>>> print(open('coords.cif').read())   # mmCIF, C-alpha atoms
data_target
#
loop_
_atom_site.label_atom_id
_atom_site.label_comp_id
_atom_site.auth_asym_id
_atom_site.auth_seq_id
_atom_site.Cartn_x
_atom_site.Cartn_y
_atom_site.Cartn_z
CA MET A 1 0.00 0.00 0.00
CA LYS A 2 2.80 2.43 0.89
CA ARG A 3 4.53 1.67 -2.41
CA TYR A 4 1.37 2.55 -4.37
CA ILE A 5 1.00 5.76 -2.36
CA LYS A 6 4.59 6.78 -3.09
CA ILE A 7 4.33 5.99 -6.83
CA ILE A 8 1.02 7.83 -7.31
CA ASP A 9 2.16 10.83 -5.25
CA GLN A 10 5.31 11.08 -7.36
CA ILE A 11 3.30 10.85 -10.60
CA SER A 12 0.89 13.55 -9.39
CA ILE A 13 3.75 15.81 -8.37
CA LYS A 14 5.59 15.32 -11.69
CA VAL A 15 2.44 15.99 -13.73
CA GLY A 16 1.68 19.10 -11.65
CA LYS A 17 5.22 20.43 -12.00
CA SER A 18 5.19 19.73 -15.74
CA PHE A 19 1.97 21.64 -16.29
CA ALA A 20 3.22 24.47 -14.08
CA TRP A 21 5.40 25.39 -17.06
CA CYS A 22 2.18 26.53 -18.74
CA ILE A 23 2.50 29.62 -16.53
CA VAL A 24 5.70 30.57 -18.37
CA ILE A 25 4.01 29.99 -21.72
CA LEU A 26 1.01 32.03 -20.54
CA CYS A 27 3.26 34.91 -19.46
CA LEU A 28 5.18 34.86 -22.74
CA GLY A 29 1.93 34.87 -24.71
CA THR A 30 0.63 37.81 -22.68
CA CYS A 31 3.89 39.74 -23.15
CA TYR A 32 3.74 39.02 -26.87
CA GLU A 33 0.17 40.32 -27.02
CA VAL A 34 1.04 43.50 -25.11
CA ILE A 35 4.02 44.21 -27.38
CA MET A 36 2.00 43.52 -30.53
CA ALA A 37 -0.93 45.64 -29.37
CA TYR A 38 0.86 48.63 -27.83
CA VAL A 39 4.18 48.78 -29.66
CA PHE A 40 3.20 47.67 -33.17
CA ASN A 41 -0.54 48.47 -32.96
CA LYS A 42 -1.35 44.97 -34.31
CA PRO A 43 -3.17 42.97 -31.62
CA THR A 44 -3.54 39.26 -32.24
CA LEU A 45 -6.83 37.46 -32.73
CA TRP A 46 -5.74 34.23 -31.06
CA ASN A 47 -4.20 35.30 -27.74
CA PHE A 48 -7.40 35.47 -25.71
CA ASP A 49 -8.34 31.86 -26.52
CA PHE A 50 -4.73 30.78 -26.10
CA SER A 51 -4.64 32.33 -22.60
CA LEU A 52 -7.88 30.59 -21.63
CA GLN A 53 -6.55 27.23 -22.78
CA MET A 54 -3.25 27.65 -20.91
CA TYR A 55 -5.02 28.72 -17.74
CA GLY A 56 -7.47 25.83 -18.07
CA ALA A 57 -4.59 23.37 -18.52
CA ILE A 58 -2.86 24.69 -15.40
CA PHE A 59 -6.05 24.59 -13.35
CA MET A 60 -7.16 21.11 -14.41
CA MET A 61 -3.82 19.34 -14.35
CA ALA A 62 -2.75 20.80 -11.00
CA GLY A 63 -5.61 19.12 -9.12
CA ALA A 64 -3.85 15.85 -8.33
CA PHE A 65 -0.66 17.75 -7.43
CA THR A 66 -2.62 19.96 -5.06
CA LEU A 67 -4.22 16.95 -3.42
CA ALA A 68 -0.93 15.03 -3.13
CA THR A 69 0.84 17.95 -1.45
CA GLU A 70 -2.11 19.00 0.75
CA ALA A 71 -2.10 22.44 -0.84
CA HIS A 72 -5.90 22.51 -1.17
CA VAL A 73 -8.17 24.70 0.91
CA ARG A 74 -9.59 23.01 3.98
CA GLY A 75 -11.86 24.28 6.76
CA ASP A 76 -9.37 23.66 9.56
CA VAL A 77 -11.38 25.23 12.37
CA PHE A 78 -12.33 21.88 13.92
CA TYR A 79 -10.31 19.47 11.79
CA ARG A 80 -6.91 20.56 13.13
CA LEU A 81 -8.09 19.94 16.70
CA MET A 82 -8.97 16.30 15.96
CA LYS A 83 -6.65 13.36 16.55
CA PRO A 84 -5.18 11.84 13.33
CA VAL A 85 -7.51 8.79 13.48
CA LYS A 86 -10.62 11.01 13.60
CA GLN A 87 -9.19 13.15 10.79
CA ALA A 88 -8.61 10.02 8.71
CA LYS A 89 -12.13 8.72 9.35
CA LEU A 90 -13.64 12.08 8.40
CA ASP A 91 -11.46 12.32 5.27
CA LEU A 92 -12.38 8.77 4.27
CA LEU A 93 -16.09 9.51 4.63
CA LEU A 94 -15.78 12.73 2.61
CA TYR A 95 -13.79 11.01 -0.15
CA ILE A 96 -16.48 8.35 -0.47
CA ILE A 97 -19.48 10.71 -0.30
CA PHE A 98 -18.22 13.73 -2.27
CA PHE A 99 -14.82 13.30 -3.91
CA PHE A 100 -15.19 10.07 -5.86
CA PRO A 101 -18.71 10.70 -7.21
CA GLY A 102 -17.64 14.14 -8.47
CA VAL A 103 -14.30 13.08 -9.90
CA LEU A 104 -15.67 9.95 -11.55
CA ALA A 105 -18.44 12.04 -13.13
CA LEU A 106 -15.77 14.48 -14.37
CA THR A 107 -13.78 11.60 -15.84
CA PHE A 108 -16.59 9.72 -17.57
CA TYR A 109 -18.63 12.68 -18.78
CA GLY A 110 -15.43 14.53 -19.63
CA PHE A 111 -14.45 11.63 -21.87
CA ASP A 112 -17.74 11.92 -23.80
CA TYR A 113 -17.36 15.70 -23.92
CA ALA A 114 -13.81 15.46 -25.29
CA ALA A 115 -14.73 12.68 -27.74
CA SER A 116 -17.54 14.75 -29.25
CA ALA A 117 -15.20 17.76 -29.51
CA TRP A 118 -12.64 15.62 -31.38
CA LYS A 119 -15.38 14.23 -33.63
CA VAL A 120 -16.33 17.67 -34.95
CA LYS A 121 -12.82 19.19 -34.55
CA GLU A 122 -14.38 21.83 -32.32
CA THR A 123 -13.12 25.41 -32.54
CA SER A 124 -13.67 28.35 -30.24
CA TRP A 125 -16.63 30.60 -30.83
CA ASN A 126 -15.21 33.27 -28.46
CA SER A 127 -12.94 34.95 -30.97
CA PRO A 128 -12.62 35.54 -34.68
CA ALA A 129 -9.48 33.36 -34.75
CA GLN A 130 -11.59 30.21 -34.23
CA ILE A 131 -8.68 28.31 -32.67
CA GLN A 132 -9.03 24.59 -32.09
CA ILE A 133 -10.14 23.62 -28.60
CA TYR A 134 -10.77 19.91 -28.94
CA MET A 135 -7.22 19.13 -27.80
CA ALA A 136 -7.65 21.23 -24.66
CA LYS A 137 -10.93 19.44 -23.89
CA SER A 138 -8.96 16.18 -23.80
CA LEU A 139 -7.43 17.41 -20.55
CA ILE A 140 -10.81 17.10 -18.79
CA PRO A 141 -10.91 13.29 -18.60
CA LEU A 142 -7.13 13.18 -18.16
CA ALA A 143 -7.37 15.45 -15.12
CA GLY A 144 -10.18 13.27 -13.80
CA PHE A 145 -8.04 10.18 -14.27
CA PHE A 146 -5.12 11.66 -12.29
CA LEU A 147 -7.49 12.91 -9.59
CA THR A 148 -8.99 9.41 -9.32
CA LEU A 149 -5.55 7.84 -8.91
CA GLN A 150 -4.59 10.44 -6.31
CA GLY A 151 -7.92 9.95 -4.54
CA ILE A 152 -7.18 6.23 -4.21
CA SER A 153 -3.79 7.15 -2.75
CA GLU A 154 -5.49 9.50 -0.27
CA VAL A 155 -7.96 6.79 0.77
CA MET A 156 -5.03 4.43 1.36
CA LYS A 157 -3.37 7.13 3.50
CA CYS A 158 -6.58 7.35 5.53
CA LEU A 159 -6.70 3.58 6.02
CA LEU A 160 -3.04 3.49 7.08
CA CYS A 161 -3.63 6.35 9.51
CA ILE A 162 -6.61 4.56 11.05
CA ARG A 163 -4.48 1.42 11.45
CA GLU A 164 -1.21 3.07 12.60
CA GLU A 165 -2.75 6.10 14.37
CA LYS A 166 -0.48 8.55 12.53
CA TRP A 167 -0.43 10.07 9.08
CA VAL A 168 1.88 8.73 6.38
CA GLU A 169 4.75 11.14 5.73
CA ARG A 170 4.08 13.24 2.64
CA GLU A 171 6.61 14.37 0.10
CA THR A 172 7.39 18.07 0.62
CA VAL A 173 7.73 20.11 -2.55
CA SER A 174 7.34 23.57 -1.02
CA LEU A 175 6.65 25.16 2.33
CA GLU A 176 4.47 28.07 3.35
CA THR A 177 6.37 31.10 4.67
CA GLU A 178 4.75 30.56 8.06
CA GLN A 179 6.11 27.01 8.24
CA ILE A 180 9.62 28.14 7.23
CA LEU A 181 9.58 30.73 10.03
CA ILE A 182 8.34 28.14 12.56
CA ASN A 183 11.11 25.74 11.49
CA LYS A 184 13.74 28.47 11.87
CA SER A 185 12.49 29.49 15.31
CA ASN A 186 12.59 25.86 16.53
CA LYS A 187 16.30 25.52 15.71
#
>>> encode(input="coords.cif", output="structure tokens")
Amino acid sequence: MKRYIKIIDQISIKVGKSFAWCIVILCLGTCYEVIMAYVFNKPTLWNFDFSLQMYGAIFMMAGAFTLATEAHVRGDVFYRLMKPVKQAKLDLLLYIIFFFPGVLALTFYGFDYAASAWKVKETSWNSPAQIQIYMAKSLIPLAGFFLTLQGISEVMKCLLCIREEKWVERETVSLETEQILINKSNK
């Protein structure tokens, strides 16, 4: 079980870090648009749709990364006061009731949505450039697939916590400033 958790967490982190590079592409596209519009007075037709697709790719493909690194938003008011076993039981219940039904719906319906977009070679109706969006829609079921894998990993973490009465150590990819300051003050 721990081996599966480690493998899936590493995959989620690598996918998230890979798609984080879309931010650089997004920034370059925006800079290009600003230069074309304000320096050369020739704005592009495609940049708006391009920016939406890059942002959508970042948002969708970062979900499993966010879950694997516990970077998601959580209502910690009561949760942080609970013992790890109670936290794990609550998380397990919430994964079963809310997470998996939503993510599996995203995956299966997203597959149909992407397949129909590929069938008609769907283009954007938002701009006169009519750029192709069927490839970007393929990220919907892919994001759902990675979220499902990461969700299984999270459920396994809950089960291990219930059994061992402590959380499985997570891979740290970044720390909040608050945590860095706490770590420095404890030395």
>>> resolve_selection(input="coords.cif", expression="the PyMOL selection byres ((chain A and resi 117-134) around 8)", output="ChimeraX atom specification")
/A:45-46,48-49,53,113-116,135-138
>>> resolve_selection(input="coords.cif", expression="the PyMOL selection byres ((chain A and resi 63) around 10)", output="list in words")
Ser12, Ile13, Val15, Gly16, Ile58, Phe59, Met60, Met61, Ala62, Ala64, Phe65, Thr66, Leu67, Ala68, Ala71, His72, Ala143, Gly144, Phe146, Leu147 and Gln150 of chain A
>>> atom_distance(input="coords.cif", atom1="atom CA of Arg74 of chain A", atom2="atom CA of Phe19 of chain A")
23.4 Å
>>> resolve_selection(input="coords.cif", expression="the PyMOL selection byres ((chain A and resi 165) around 12)", output="number ranges by chain")
A: 83-89, 157-164, 166-168
>>> closest_residue(input="coords.cif", among="A:Glu33, A:Glu171, A:Asp91, A:Asp76", to="Glu154 of chain A", atoms="only C-alpha atoms")
A:Asp91
>>> residues_near_point(input="coords.cif", point="(1.6, 25.0, -24.0)", cutoff="7 Å", atoms="only C-alpha atoms", output="ChimeraX atom specification")
/A:22,25,54
>>> closest_residue(input="coords.cif", among="A:Leu90, A:Trp21, A:Tyr55, A:Lys187", to="Leu139 of chain A", atoms="only C-alpha atoms")
A:Tyr55
>>> closest_residue(input="coords.cif", among="A:Ser185, A:Thr148, A:Thr69, A:Thr107", to="Glu169 of chain A", atoms="only C-alpha atoms")
A:Thr69
>>> axis_aligned_box(input="coords.cif", around="segment 172-183 of chain A", padding_each_side="5 Å", output="lines of an AutoDock Vina configuration file")
center_x = 7.8
center_y = 24.6
center_z = 5.0
size_x = 16.6
size_y = 23.0
size_z = 25.1
>>> closest_residue(input="coords.cif", among="A:Val173, A:Ile96, A:Ile5, A:Met82", to="Lys17 of chain A", atoms="all atoms listed in the file")
A:Val173
>>> atom_distance(input="coords.cif", atom1="atom CA of Tyr109 of chain A", atom2="atom CA of Ile140 of chain A")
9.0 Å
>>> atom_distance(input="coords.cif", atom1="atom CA of Arg170 of chain A", atom2="atom CA of Val155 of chain A")
13.8 Å
